[in-house]
Each structure stands twice: as C-alpha cells, then as structure tokens.
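> After the structure tokens below, expect a handful of questions from me.
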Amino acid sequence: MKKIKFNNGIEMPQLGYGVYQVTPDEAERCVADALEVGYRMIDTAQAYNNEEGVGRAIKKSGIAREEIFIVSKVWISNYVYERAAQSIDESLKRLQTNYIDLMLLHQPFCDYYGAYRALQDAQKAGKLRSIGVSNFQPNHFIDLASNVDIVPAVNQVETHVFCQQQEANEYMKEFGTQIMSWGPLAEGRNGLFTNPILTEIGKRHNVSAAAVALRYLTQRNVIIIPKSTHRNRMEENFAIYNFTLTESEMEQILTLDLKKSAFFDHNDPKTVKMFMGWR
C-alpha cells in the first residue's frame with residue numbers, strides 16, 4: 001500500500017475506507033469487512049453519527065492500534081474553541097482510542113479559526129497526530145493556512161474525474177498541504193460508471209470504469225476514501241494498485257474535468273445558507 005507523507009512527517013495510507021452515509025447500525029460490520037480486506041485507513045466524522053461503530057470494529061479487529069490510521073472531522077456546531085476542544089474528547093471516547101491520526105474541520109463556515117486553535121492545542125497535547133481541513137476552497141484555505149501556527153496537513157475536498165481540483169491543488173502545494181478526495185467516484189453522477197473513456201480504458205486493463213477513475217486519482221497523488229457497503233466492491237477498490245494507467249490514458253481522463261462541483265459550490269450563498277441550517 002502506497003503511503004503519503006505529510007508536511008509534519010506523519011505518513012498516511014493513500015487508499016482508505018470512508019463511512020459517509022453508512023448508518024450507525026451498519027458501520028461496525030462495514031469497517032470490520034474493510035479491515036479484513038486489508039484497509040488500514042478509516043475516514044469518519046462527528047456528523048456521520050457512526051464514530052462509535054467505527055471504534056467498535058477497530059477494537060474487535062485485533063489489529064494493533066498503531067497499524068490503523070483514523071480520520072475524523074469536527075462539525076460546524078462545535079466551531080468555537082471550547083466546544084471544539086470538548087468535541088475532540090468526545091470523538092476519542094466514541095472511537096475508543098487515546099489519539100486520532102488526522103482530525104479535520106469539516107466545513108469552512110462559522111468560527112473556524114476558534115475551532116482550528118482547538119485542533120492545534122489538541123495536537124500539541126498528543127490527542128491528535130495531524131490536523132487539517134475539509135471543503136476549504138482556495139479563498140478559505142489560503143486565509144486560514146496563512147494565519148495559523150500549524151499549517152493544515154490535509155485539505156479534503158470533492159475530487160473525482162469530473163472535478164479534478166487542479167488549480168486548488170496548486171495552492172495547497174504552496175503550503176505543503178496534501179489533497180484528499182471525498183466522493184472519488186462522484187457517487188456515480190455524470191454517468192461515471194458507464195463513461196466511454198473510462199470503460200474503454202478499463203477494457204484494456206480488465207477492470208471497471210470505477211477502478212480506472214480511482215487509479216487515476218492515486219496516480220495524481222490524491223488520497224482517496226471510496227465507500228461501499230458491499231465487500232466485493234471493497235475488494236475491487238482495494239485492488240487498484242494491480243494496474244497502471246499509461247501517460248496517454250492519464251491525458252484522456254484529464255479531458256473529463258468539468259472544473260465544477262457535481263454536488264454543490266461552497267462559495268454559493270445558497271450552499272452557505274443550507275449549512276447554516278445544519279448547525
């Protein structure tokens with residue numbers, strides 16, 4: 001498994017298992033399956049309401065804690081210093097661990113400066129090994145990264161073949177921040193699973209269009225967390241390092257970039273109002 005080194009020297013598996021939209025009841029089973037398949041990085045969040053299931057699966061797996069990389073995220077309802085600090089302790093308890101490997105701010109709204117200071121202090125206290133942000137667009141990201149003591153190790157943003165984040169990633173690189181993808185398969189939007197370019201390339205390698213889309217991101221040095229509740233698909237996603245896309249194939253997939261979100265724009269006032277309703 002390829003690992004990605006952060007700006008603080010910590011290493012993270014490039015391929016992990018995400019539990020967004022996995023119900024609290026299913027989380028334990030799904031994470032247990034993922035760990036048995038071979039995944040060693042699990043991505044969850046306070047807002048997913050399944051940290052407890054993730055923690056139970058890891059505890060029962062018998063795998064040494066240091067071999068599993070746990071990612072979680074602080075939700076915007078906790079975005080003041082005191083509440084963010086308390087929520088980190090609550091996440092530790094739910095995950096049944098003494099430390100979280102990577103803790104992110106989930107959204108670029110509300111008092112993210114106060115919340116980020118709580119992340120910094122928790123890292124200094126040894127509760128978090130690395131910290132970062134999620135969904136921070138270039139304007140949000142540059143603002144924060146230029147004015148904090150600990151530069152974000154990661155920015156997790158929507159990244160897939162139709163929204164490749166090339167320009168945003170260049171700004172991240174200036175700060176030594178690693179890009180991490182959520183929605184690496186765009187939840188099948190824009191016909192990803194039947195896209196002619198992806199399916200044709202897949203035929204050459206005897207893999208699915210989904211596998212091609214994931215492999216493309218890993219060859220671009222993007223961290224990915226594909227989600228599936230089906231073990232056979234977990235296995236398929238885990239096998240993407242068994243083939244390599246050619247330079248010509250990479251260039252073909254580059255042409256699929258629409259340079260816009262397949263979900264929602266974090267700079268759109270309607271999006272901001274939506275998140276304000278979820279505090």
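Chain labels A, B, ... are given in the sequence in which chains occur in the structure tokens; within each chain residues are numbered consecutively from 1, and ligands are likewise numbered from 1 in the order shown.
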Using only C-alpha atoms, tabulate the residues of stretch 151-242 of chain A lying at most 9 Å from any atom of stretch 262-276 of chain A, each with its closest atom pair and that distance in Å to one decimal, by chain and increasing residue number, as JSON lines.

{"residue": "A:Glu158", "atom": "CA", "partner": "A:Ala262", "partner_atom": "CA", "distance": 8.6}
{"residue": "A:Phe162", "atom": "CA", "partner": "A:Ala262", "partner_atom": "CA", "distance": 7.5}
{"residue": "A:Cys163", "atom": "CA", "partner": "A:Ala262", "partner_atom": "CA", "distance": 7.3}
{"residue": "A:Ala186", "atom": "CA", "partner": "A:Ala262", "partner_atom": "CA", "distance": 7.0}
{"residue": "A:Arg189", "atom": "CA", "partner": "A:Ala262", "partner_atom": "CA", "distance": 7.1}
{"residue": "A:Asn190", "atom": "CA", "partner": "A:Ala262", "partner_atom": "CA", "distance": 7.9}
> Store the residues picked out above, limited to all heavy atoms, as a PDB file, in the first residue's frame.

ATOM      1  N   GLU A 158     -14.004  17.678  -2.521  1.00  0.00           N
ATOM      2  CA  GLU A 158     -14.608  16.899  -3.598  1.00  0.00           C
ATOM      3  C   GLU A 158     -13.606  16.785  -4.751  1.00  0.00           C
ATOM      4  O   GLU A 158     -13.192  17.786  -5.334  1.00  0.00           O
ATOM      5  CB  GLU A 158     -15.879  17.593  -4.086  1.00  0.00           C
ATOM      6  CG  GLU A 158     -16.511  16.917  -5.299  1.00  0.00           C
ATOM      7  CD  GLU A 158     -17.624  17.735  -5.930  1.00  0.00           C
ATOM      8  OE1 GLU A 158     -18.034  18.755  -5.337  1.00  0.00           O
ATOM      9  OE2 GLU A 158     -18.090  17.353  -7.018  1.00  0.00           O
ATOM     10  N   PHE A 162     -14.496  14.306 -12.819  1.00  0.00           N
ATOM     11  CA  PHE A 162     -15.250  15.435 -13.355  1.00  0.00           C
ATOM     12  C   PHE A 162     -14.976  16.737 -12.607  1.00  0.00           C
ATOM     13  O   PHE A 162     -15.398  17.801 -13.036  1.00  0.00           O
ATOM     14  CB  PHE A 162     -16.752  15.134 -13.312  1.00  0.00           C
ATOM     15  CG  PHE A 162     -17.138  13.887 -14.064  1.00  0.00           C
ATOM     16  CD1 PHE A 162     -17.782  12.842 -13.420  1.00  0.00           C
ATOM     17  CD2 PHE A 162     -16.840  13.741 -15.413  1.00  0.00           C
ATOM     18  CE1 PHE A 162     -18.135  11.684 -14.104  1.00  0.00           C
ATOM     19  CE2 PHE A 162     -17.184  12.584 -16.106  1.00  0.00           C
ATOM     20  CZ  PHE A 162     -17.834  11.553 -15.452  1.00  0.00           C
ATOM     21  N   CYS A 163     -14.311  16.650 -11.478  1.00  0.00           N
ATOM     22  CA  CYS A 163     -13.942  17.819 -10.668  1.00  0.00           C
ATOM     23  C   CYS A 163     -12.557  17.539 -10.088  1.00  0.00           C
ATOM     24  O   CYS A 163     -12.425  17.093  -8.950  1.00  0.00           O
ATOM     25  CB  CYS A 163     -14.977  18.051  -9.563  1.00  0.00           C
ATOM     26  SG  CYS A 163     -14.655  19.500  -8.534  1.00  0.00           S
ATOM     27  N   ALA A 186     -17.710  10.250  -7.476  1.00  0.00           N
ATOM     28  CA  ALA A 186     -18.782  11.220  -7.738  1.00  0.00           C
ATOM     29  C   ALA A 186     -20.165  10.635  -7.481  1.00  0.00           C
ATOM     30  O   ALA A 186     -21.159  11.109  -8.037  1.00  0.00           O
ATOM     31  CB  ALA A 186     -18.701  11.746  -9.177  1.00  0.00           C
ATOM     32  N   ARG A 189     -22.409  10.074 -10.404  1.00  0.00           N
ATOM     33  CA  ARG A 189     -23.012  11.160 -11.176  1.00  0.00           C
ATOM     34  C   ARG A 189     -22.304  11.345 -12.519  1.00  0.00           C
ATOM     35  O   ARG A 189     -21.179  10.903 -12.718  1.00  0.00           O
ATOM     36  CB  ARG A 189     -22.986  12.463 -10.369  1.00  0.00           C
ATOM     37  CG  ARG A 189     -23.776  12.349  -9.066  1.00  0.00           C
ATOM     38  CD  ARG A 189     -23.946  13.655  -8.350  1.00  0.00           C
ATOM     39  NE  ARG A 189     -24.638  13.430  -7.083  1.00  0.00           N
ATOM     40  CZ  ARG A 189     -25.255  14.369  -6.393  1.00  0.00           C
ATOM     41  NH1 ARG A 189     -25.296  15.608  -6.849  1.00  0.00           N
ATOM     42  NH2 ARG A 189     -25.861  14.080  -5.254  1.00  0.00           N
ATOM     43  N   ASN A 190     -22.993  12.033 -13.433  1.00  0.00           N
ATOM     44  CA  ASN A 190     -22.483  12.278 -14.786  1.00  0.00           C
ATOM     45  C   ASN A 190     -22.168  10.986 -15.530  1.00  0.00           C
ATOM     46  O   ASN A 190     -21.332  10.965 -16.435  1.00  0.00           O
ATOM     47  CB  ASN A 190     -21.229  13.168 -14.760  1.00  0.00           C
ATOM     48  CG  ASN A 190     -21.502  14.553 -14.195  1.00  0.00           C
ATOM     49  OD1 ASN A 190     -22.636  15.016 -14.220  1.00  0.00           O
ATOM     50  ND2 ASN A 190     -20.482  15.192 -13.671  1.00  0.00           N
TER      51      ASN A 190
END
> Near stretch 178-184 of chain A, within 6 Å and counting only C-alpha atoms, which residues show up once chain neighbours fewer than 2 positions away are dropped, as number ranges by chain?
A: 154-160, 186, 222-224
> Of the candidates A:Phe69, A:Tyr171, A:Phe238, A:Phe193, which one gets nearest to A:Leu102 if we count only C-alpha atoms?
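Nearest to A:Leu102: A:Phe69.
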> From the DSSP assignment of the backbone, select every residue of stretch 16-93 of chain A that is strand (DSSP E), and format the answer as a VMD selection string.
chain A and resid 17 to 18 41 to 43 69 to 74
> Write out as a ChimeraX atom specification each polymer residue whose atoms come within 10 Å of A:Asn237, counting only C-alpha atoms; drop sequence neighbours fewer than 6 positions from it.
/A:15-17,208,210-212,214-215,225-228,231
> Near A:Ala45, counting only C-alpha atoms, which residues have an atom at most 9 Å away, once you skip same-chain residues fewer than 3 positions from it, shown as a PDB file with all heavy atoms, in the first residue's frame?

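Output contents, as saved in selection_29.pdb:
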ATOM      1  N   VAL A  19     -16.806   6.138   5.522  1.00  0.00           N
ATOM      2  CA  VAL A  19     -18.088   5.672   6.052  1.00  0.00           C
ATOM      3  C   VAL A  19     -19.176   6.738   5.978  1.00  0.00           C
ATOM      4  O   VAL A  19     -20.160   6.689   6.710  1.00  0.00           O
ATOM      5  CB  VAL A  19     -17.945   5.156   7.504  1.00  0.00           C
ATOM      6  CG1 VAL A  19     -17.059   3.933   7.562  1.00  0.00           C
ATOM      7  CG2 VAL A  19     -17.426   6.255   8.434  1.00  0.00           C
ATOM      8  N   TYR A  20     -19.016   7.707   5.081  1.00  0.00           N
ATOM      9  CA  TYR A  20     -20.086   8.686   4.865  1.00  0.00           C
ATOM     10  C   TYR A  20     -21.331   7.960   4.368  1.00  0.00           C
ATOM     11  O   TYR A  20     -21.256   7.111   3.487  1.00  0.00           O
ATOM     12  CB  TYR A  20     -19.643   9.729   3.844  1.00  0.00           C
ATOM     13  CG  TYR A  20     -20.733  10.705   3.445  1.00  0.00           C
ATOM     14  CD1 TYR A  20     -21.359  11.496   4.404  1.00  0.00           C
ATOM     15  CD2 TYR A  20     -21.116  10.837   2.114  1.00  0.00           C
ATOM     16  CE1 TYR A  20     -22.359  12.395   4.051  1.00  0.00           C
ATOM     17  CE2 TYR A  20     -22.114  11.738   1.746  1.00  0.00           C
ATOM     18  CZ  TYR A  20     -22.726  12.512   2.713  1.00  0.00           C
ATOM     19  OH  TYR A  20     -23.726  13.390   2.352  1.00  0.00           O
ATOM     20  N   TYR A  48     -21.348  12.172  10.852  1.00  0.00           N
ATOM     21  CA  TYR A  48     -21.836  10.912  10.284  1.00  0.00           C
ATOM     22  C   TYR A  48     -22.585  10.071  11.318  1.00  0.00           C
ATOM     23  O   TYR A  48     -23.257   9.099  10.960  1.00  0.00           O
ATOM     24  CB  TYR A  48     -20.677  10.073   9.728  1.00  0.00           C
ATOM     25  CG  TYR A  48     -19.870  10.726   8.639  1.00  0.00           C
ATOM     26  CD1 TYR A  48     -18.655  10.171   8.239  1.00  0.00           C
ATOM     27  CD2 TYR A  48     -20.291  11.894   8.001  1.00  0.00           C
ATOM     28  CE1 TYR A  48     -17.896  10.751   7.238  1.00  0.00           C
ATOM     29  CE2 TYR A  48     -19.526  12.476   7.011  1.00  0.00           C
ATOM     30  CZ  TYR A  48     -18.316  11.905   6.635  1.00  0.00           C
ATOM     31  OH  TYR A  48     -17.550  12.486   5.652  1.00  0.00           O
ATOM     32  N   ASN A  49     -22.399  10.415  12.600  1.00  0.00           N
ATOM     33  CA  ASN A  49     -23.054   9.686  13.693  1.00  0.00           C
ATOM     34  C   ASN A  49     -22.701   8.200  13.720  1.00  0.00           C
ATOM     35  O   ASN A  49     -23.516   7.370  14.146  1.00  0.00           O
ATOM     36  CB  ASN A  49     -24.579   9.861  13.611  1.00  0.00           C
ATOM     37  CG  ASN A  49     -25.010  11.295  13.835  1.00  0.00           C
ATOM     38  OD1 ASN A  49     -24.537  11.961  14.754  1.00  0.00           O
ATOM     39  ND2 ASN A  49     -25.888  11.790  12.975  1.00  0.00           N
ATOM     40  N   ASN A  50     -21.502   7.844  13.262  1.00  0.00           N
ATOM     41  CA  ASN A  50     -21.117   6.428  13.281  1.00  0.00           C
ATOM     42  C   ASN A  50     -19.721   6.195  13.852  1.00  0.00           C
ATOM     43  O   ASN A  50     -19.135   5.121  13.652  1.00  0.00           O
ATOM     44  CB  ASN A  50     -21.237   5.807  11.888  1.00  0.00           C
ATOM     45  CG  ASN A  50     -20.440   6.540  10.822  1.00  0.00           C
ATOM     46  OD1 ASN A  50     -19.468   7.251  11.129  1.00  0.00           O
ATOM     47  ND2 ASN A  50     -20.835   6.382   9.559  1.00  0.00           N
ATOM     48  N   GLU A  51     -19.189   7.190  14.569  1.00  0.00           N
ATOM     49  CA  GLU A  51     -17.865   7.018  15.180  1.00  0.00           C
ATOM     50  C   GLU A  51     -17.856   5.823  16.136  1.00  0.00           C
ATOM     51  O   GLU A  51     -16.852   5.099  16.213  1.00  0.00           O
ATOM     52  CB  GLU A  51     -17.440   8.284  15.924  1.00  0.00           C
ATOM     53  CG  GLU A  51     -17.030   9.435  15.030  1.00  0.00           C
ATOM     54  CD  GLU A  51     -16.648  10.670  15.831  1.00  0.00           C
ATOM     55  OE1 GLU A  51     -17.355  11.005  16.807  1.00  0.00           O
ATOM     56  OE2 GLU A  51     -15.644  11.319  15.483  1.00  0.00           O
ATOM     57  N   VAL A  71      -9.252   8.806  10.710  1.00  0.00           N
ATOM     58  CA  VAL A  71      -9.544  10.195  10.346  1.00  0.00           C
ATOM     59  C   VAL A  71     -10.954  10.534  10.837  1.00  0.00           C
ATOM     60  O   VAL A  71     -11.884   9.758  10.645  1.00  0.00           O
ATOM     61  CB  VAL A  71      -9.499  10.403   8.817  1.00  0.00           C
ATOM     62  CG1 VAL A  71      -9.725  11.876   8.470  1.00  0.00           C
ATOM     63  CG2 VAL A  71      -8.191   9.898   8.232  1.00  0.00           C
ATOM     64  N   SER A  72     -11.109  11.693  11.476  1.00  0.00           N
ATOM     65  CA  SER A  72     -12.450  12.173  11.808  1.00  0.00           C
ATOM     66  C   SER A  72     -12.496  13.686  11.590  1.00  0.00           C
ATOM     67  O   SER A  72     -11.482  14.300  11.231  1.00  0.00           O
ATOM     68  CB  SER A  72     -12.840  11.811  13.248  1.00  0.00           C
ATOM     69  OG  SER A  72     -14.245  12.000  13.418  1.00  0.00           O
ATOM     70  N   LYS A  73     -13.679  14.266  11.809  1.00  0.00           N
ATOM     71  CA  LYS A  73     -13.875  15.678  11.484  1.00  0.00           C
ATOM     72  C   LYS A  73     -14.782  16.336  12.524  1.00  0.00           C
ATOM     73  O   LYS A  73     -15.769  15.736  12.965  1.00  0.00           O
ATOM     74  CB  LYS A  73     -14.513  15.827  10.097  1.00  0.00           C
ATOM     75  CG  LYS A  73     -13.819  15.037   9.005  1.00  0.00           C
ATOM     76  CD  LYS A  73     -14.586  15.082   7.700  1.00  0.00           C
ATOM     77  CE  LYS A  73     -14.113  14.006   6.748  1.00  0.00           C
ATOM     78  NZ  LYS A  73     -14.582  12.648   7.160  1.00  0.00           N
ATOM     79  N   VAL A  74     -14.457  17.571  12.872  1.00  0.00           N
ATOM     80  CA  VAL A  74     -15.264  18.364  13.803  1.00  0.00           C
ATOM     81  C   VAL A  74     -16.369  19.057  13.010  1.00  0.00           C
ATOM     82  O   VAL A  74     -16.107  19.696  11.988  1.00  0.00           O
ATOM     83  CB  VAL A  74     -14.399  19.408  14.527  1.00  0.00           C
ATOM     84  CG1 VAL A  74     -15.267  20.286  15.431  1.00  0.00           C
ATOM     85  CG2 VAL A  74     -13.295  18.727  15.333  1.00  0.00           C
ATOM     86  N   TRP A  75     -17.607  18.948  13.482  1.00  0.00           N
ATOM     87  CA  TRP A  75     -18.735  19.557  12.787  1.00  0.00           C
ATOM     88  C   TRP A  75     -18.910  21.021  13.182  1.00  0.00           C
ATOM     89  O   TRP A  75     -18.471  21.454  14.243  1.00  0.00           O
ATOM     90  CB  TRP A  75     -20.013  18.768  13.050  1.00  0.00           C
ATOM     91  CG  TRP A  75     -21.172  19.268  12.232  1.00  0.00           C
ATOM     92  CD1 TRP A  75     -22.346  19.786  12.698  1.00  0.00           C
ATOM     93  CD2 TRP A  75     -21.254  19.316  10.798  1.00  0.00           C
ATOM     94  NE1 TRP A  75     -23.157  20.148  11.644  1.00  0.00           N
ATOM     95  CE2 TRP A  75     -22.507  19.878  10.463  1.00  0.00           C
ATOM     96  CE3 TRP A  75     -20.381  18.953   9.767  1.00  0.00           C
ATOM     97  CZ2 TRP A  75     -22.915  20.085   9.138  1.00  0.00           C
ATOM     98  CZ3 TRP A  75     -20.784  19.151   8.443  1.00  0.00           C
ATOM     99  CH2 TRP A  75     -22.039  19.714   8.148  1.00  0.00           C
ATOM    100  N   SER A  91     -15.094  12.572  20.581  1.00  0.00           N
ATOM    101  CA  SER A  91     -14.769  11.687  19.460  1.00  0.00           C
ATOM    102  C   SER A  91     -13.782  10.606  19.891  1.00  0.00           C
ATOM    103  O   SER A  91     -13.916   9.442  19.508  1.00  0.00           O
ATOM    104  CB  SER A  91     -14.185  12.493  18.290  1.00  0.00           C
ATOM    105  OG  SER A  91     -15.190  13.235  17.624  1.00  0.00           O
ATOM    106  N   MET A 103      -7.363  14.825  12.317  1.00  0.00           N
ATOM    107  CA  MET A 103      -8.649  15.454  12.632  1.00  0.00           C
ATOM    108  C   MET A 103      -8.791  16.695  11.764  1.00  0.00           C
ATOM    109  O   MET A 103      -7.873  17.529  11.686  1.00  0.00           O
ATOM    110  CB  MET A 103      -8.707  15.846  14.115  1.00  0.00           C
ATOM    111  CG  MET A 103     -10.107  16.154  14.612  1.00  0.00           C
ATOM    112  SD  MET A 103     -11.079  14.632  14.792  1.00  0.00           S
ATOM    113  CE  MET A 103     -12.476  15.181  15.759  1.00  0.00           C
ATOM    114  N   LEU A 104      -9.948  16.803  11.100  1.00  0.00           N
ATOM    115  CA  LEU A 104     -10.197  17.900  10.176  1.00  0.00           C
ATOM    116  C   LEU A 104     -11.345  18.783  10.659  1.00  0.00           C
ATOM    117  O   LEU A 104     -12.231  18.319  11.380  1.00  0.00           O
ATOM    118  CB  LEU A 104     -10.566  17.341   8.795  1.00  0.00           C
ATOM    119  CG  LEU A 104      -9.647  16.281   8.191  1.00  0.00           C
ATOM    120  CD1 LEU A 104     -10.236  15.774   6.874  1.00  0.00           C
ATOM    121  CD2 LEU A 104      -8.242  16.838   7.968  1.00  0.00           C
ATOM    122  N   HIS A 106     -14.660  20.176   9.343  1.00  0.00           N
ATOM    123  CA  HIS A 106     -15.486  19.588   8.291  1.00  0.00           C
ATOM    124  C   HIS A 106     -15.930  20.587   7.222  1.00  0.00           C
ATOM    125  O   HIS A 106     -16.085  20.221   6.053  1.00  0.00           O
ATOM    126  CB  HIS A 106     -16.717  18.936   8.920  1.00  0.00           C
ATOM    127  CG  HIS A 106     -17.267  17.805   8.118  1.00  0.00           C
ATOM    128  ND1 HIS A 106     -17.956  16.748   8.676  1.00  0.00           N
ATOM    129  CD2 HIS A 106     -17.249  17.545   6.800  1.00  0.00           C
ATOM    130  CE1 HIS A 106     -18.319  15.899   7.732  1.00  0.00           C
ATOM    131  NE2 HIS A 106     -17.911  16.365   6.581  1.00  0.00           N
TER     132      HIS A 106
END
> Hey, what's within 10 Å of A:Lys60 if we count only C-alpha atoms and toss same-chain stuff fewer than 4 positions away? As a list in words, please?
Glu28, Ala32, Gly55 and Arg56 of chain A
> Print the selection's residues with all heavy atoms to a file, as a compact mmCIF listing (two decimals), in the first residue's frame.

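selection18.txt was written with the following content:
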# COMPACT_ATOMS: atom_id res chain seq x y z
N GLU A 28 -20.22 -0.75 12.06
CA GLU A 28 -19.33 -1.75 12.65
C GLU A 28 -19.07 -2.89 11.67
O GLU A 28 -17.92 -3.31 11.48
CB GLU A 28 -19.92 -2.30 13.95
CG GLU A 28 -19.00 -3.30 14.65
CD GLU A 28 -19.53 -3.77 15.99
OE1 GLU A 28 -20.45 -3.13 16.54
OE2 GLU A 28 -19.02 -4.80 16.49
N ALA A 32 -15.45 -3.57 9.82
CA ALA A 32 -14.84 -4.88 10.07
C ALA A 32 -14.49 -5.57 8.75
O ALA A 32 -13.40 -6.13 8.59
CB ALA A 32 -15.79 -5.76 10.89
N GLY A 55 -15.31 2.72 16.04
CA GLY A 55 -14.48 2.38 17.20
C GLY A 55 -14.63 0.94 17.62
O GLY A 55 -13.64 0.26 17.95
N ARG A 56 -15.87 0.43 17.61
CA ARG A 56 -16.10 -0.97 18.00
C ARG A 56 -15.41 -1.92 17.03
O ARG A 56 -14.79 -2.92 17.45
CB ARG A 56 -17.60 -1.27 18.07
CG ARG A 56 -18.31 -0.67 19.27
CD ARG A 56 -19.69 -1.28 19.47
NE ARG A 56 -20.56 -1.07 18.31
CZ ARG A 56 -21.37 -0.04 18.16
NH1 ARG A 56 -21.42 0.91 19.08
NH2 ARG A 56 -22.14 0.07 17.09
> So that I can see what lies close to A:Glu170, please list as a PyMOL selection string the residues with an atom at most 10 Å from it, counting only C-alpha atoms and leaving out residues fewer than 6 positions away in the same chain.
chain A and resi 138+176-177+179
> Grab the residues selected above and save them as an mmCIF file, in the first residue's frame with all heavy atoms.

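again_23.cif, freshly written:
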data_model
loop_
_atom_site.group_PDB
_atom_site.id
_atom_site.type_symbol
_atom_site.label_atom_id
_atom_site.label_comp_id
_atom_site.auth_asym_id
_atom_site.auth_seq_id
_atom_site.Cartn_x
_atom_site.Cartn_y
_atom_site.Cartn_z
ATOM 1 N N PRO A 138 -10.079 27.498 -2.278
ATOM 2 C CA PRO A 138 -8.821 28.259 -2.225
ATOM 3 C C PRO A 138 -8.884 29.531 -1.389
ATOM 4 O O PRO A 138 -7.938 29.828 -0.642
ATOM 5 C CB PRO A 138 -8.556 28.559 -3.702
ATOM 6 C CG PRO A 138 -9.111 27.369 -4.418
ATOM 7 C CD PRO A 138 -10.377 27.038 -3.654
ATOM 8 N N GLY A 176 2.440 23.040 1.331
ATOM 9 C CA GLY A 176 2.818 21.676 1.688
ATOM 10 C C GLY A 176 1.648 20.859 2.184
ATOM 11 O O GLY A 176 1.821 19.879 2.920
ATOM 12 N N THR A 177 0.431 21.257 1.804
ATOM 13 C CA THR A 177 -0.790 20.577 2.245
ATOM 14 C C THR A 177 -1.198 19.527 1.223
ATOM 15 O O THR A 177 -1.195 19.793 0.015
ATOM 16 C CB THR A 177 -1.932 21.593 2.448
ATOM 17 O OG1 THR A 177 -1.534 22.546 3.445
ATOM 18 C CG2 THR A 177 -3.216 20.907 2.882
ATOM 19 N N ILE A 179 -3.699 17.038 -0.795
ATOM 20 C CA ILE A 179 -5.089 16.944 -1.212
ATOM 21 C C ILE A 179 -5.619 15.544 -0.922
ATOM 22 O O ILE A 179 -4.937 14.542 -1.115
ATOM 23 C CB ILE A 179 -5.262 17.290 -2.708
ATOM 24 C CG1 ILE A 179 -6.755 17.314 -3.095
ATOM 25 C CG2 ILE A 179 -4.488 16.321 -3.596
ATOM 26 C CD1 ILE A 179 -7.023 17.851 -4.489
#
> When DSSP is applied to the backbone of this structure, which of stretch 33-154 of chain A are assigned helix (DSSP H, G or I)? Write them out as a ChimeraX atom specification.
/A:33-37,46-48,51-61,65-67,76-78,81-95,112-124,138-145
> Restricting the calculation to only C-alpha atoms, which member of A:Gln164, A:Ala34, A:Asn169, A:Met41 is positioned closest to A:Arg233?
A:Ala34
> To one decimal place in Å, what is the distance between atom CA of A:Leu245 and atom CA of A:Lys3?
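Interatomic distance here is 18.8 Å.
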> Residues within 6 Å of A:Tyr112, please, as a PyMOL selection string. Count only C-alpha atoms; anything in the same chain fewer than 3 positions from it doesn't count.
chain A and resi 79+115-116
> Could you save those same residues with N, CA and C atoms as an mmCIF file, in the first residue's frame?

data_model
loop_
_atom_site.group_PDB
_atom_site.id
_atom_site.type_symbol
_atom_site.label_atom_id
_atom_site.label_comp_id
_atom_site.auth_asym_id
_atom_site.auth_seq_id
_atom_site.Cartn_x
_atom_site.Cartn_y
_atom_site.Cartn_z
ATOM 1 N N TYR A 79 -17.978 24.728 16.371
ATOM 2 C CA TYR A 79 -16.964 25.695 15.963
ATOM 3 C C TYR A 79 -16.841 26.922 16.866
ATOM 4 N N ALA A 115 -12.145 27.006 16.174
ATOM 5 C CA ALA A 115 -12.111 25.546 16.126
ATOM 6 C C ALA A 115 -10.723 25.046 15.758
ATOM 7 N N TYR A 116 -10.060 25.737 14.842
ATOM 8 C CA TYR A 116 -8.723 25.292 14.431
ATOM 9 C C TYR A 116 -7.706 25.464 15.555
#
> Nearest to A:Leu185 among A:Thr23, A:Ile70, A:Glu251, A:Gly18, with distances taken over only C-alpha atoms: which residue is it?
A:Gly18
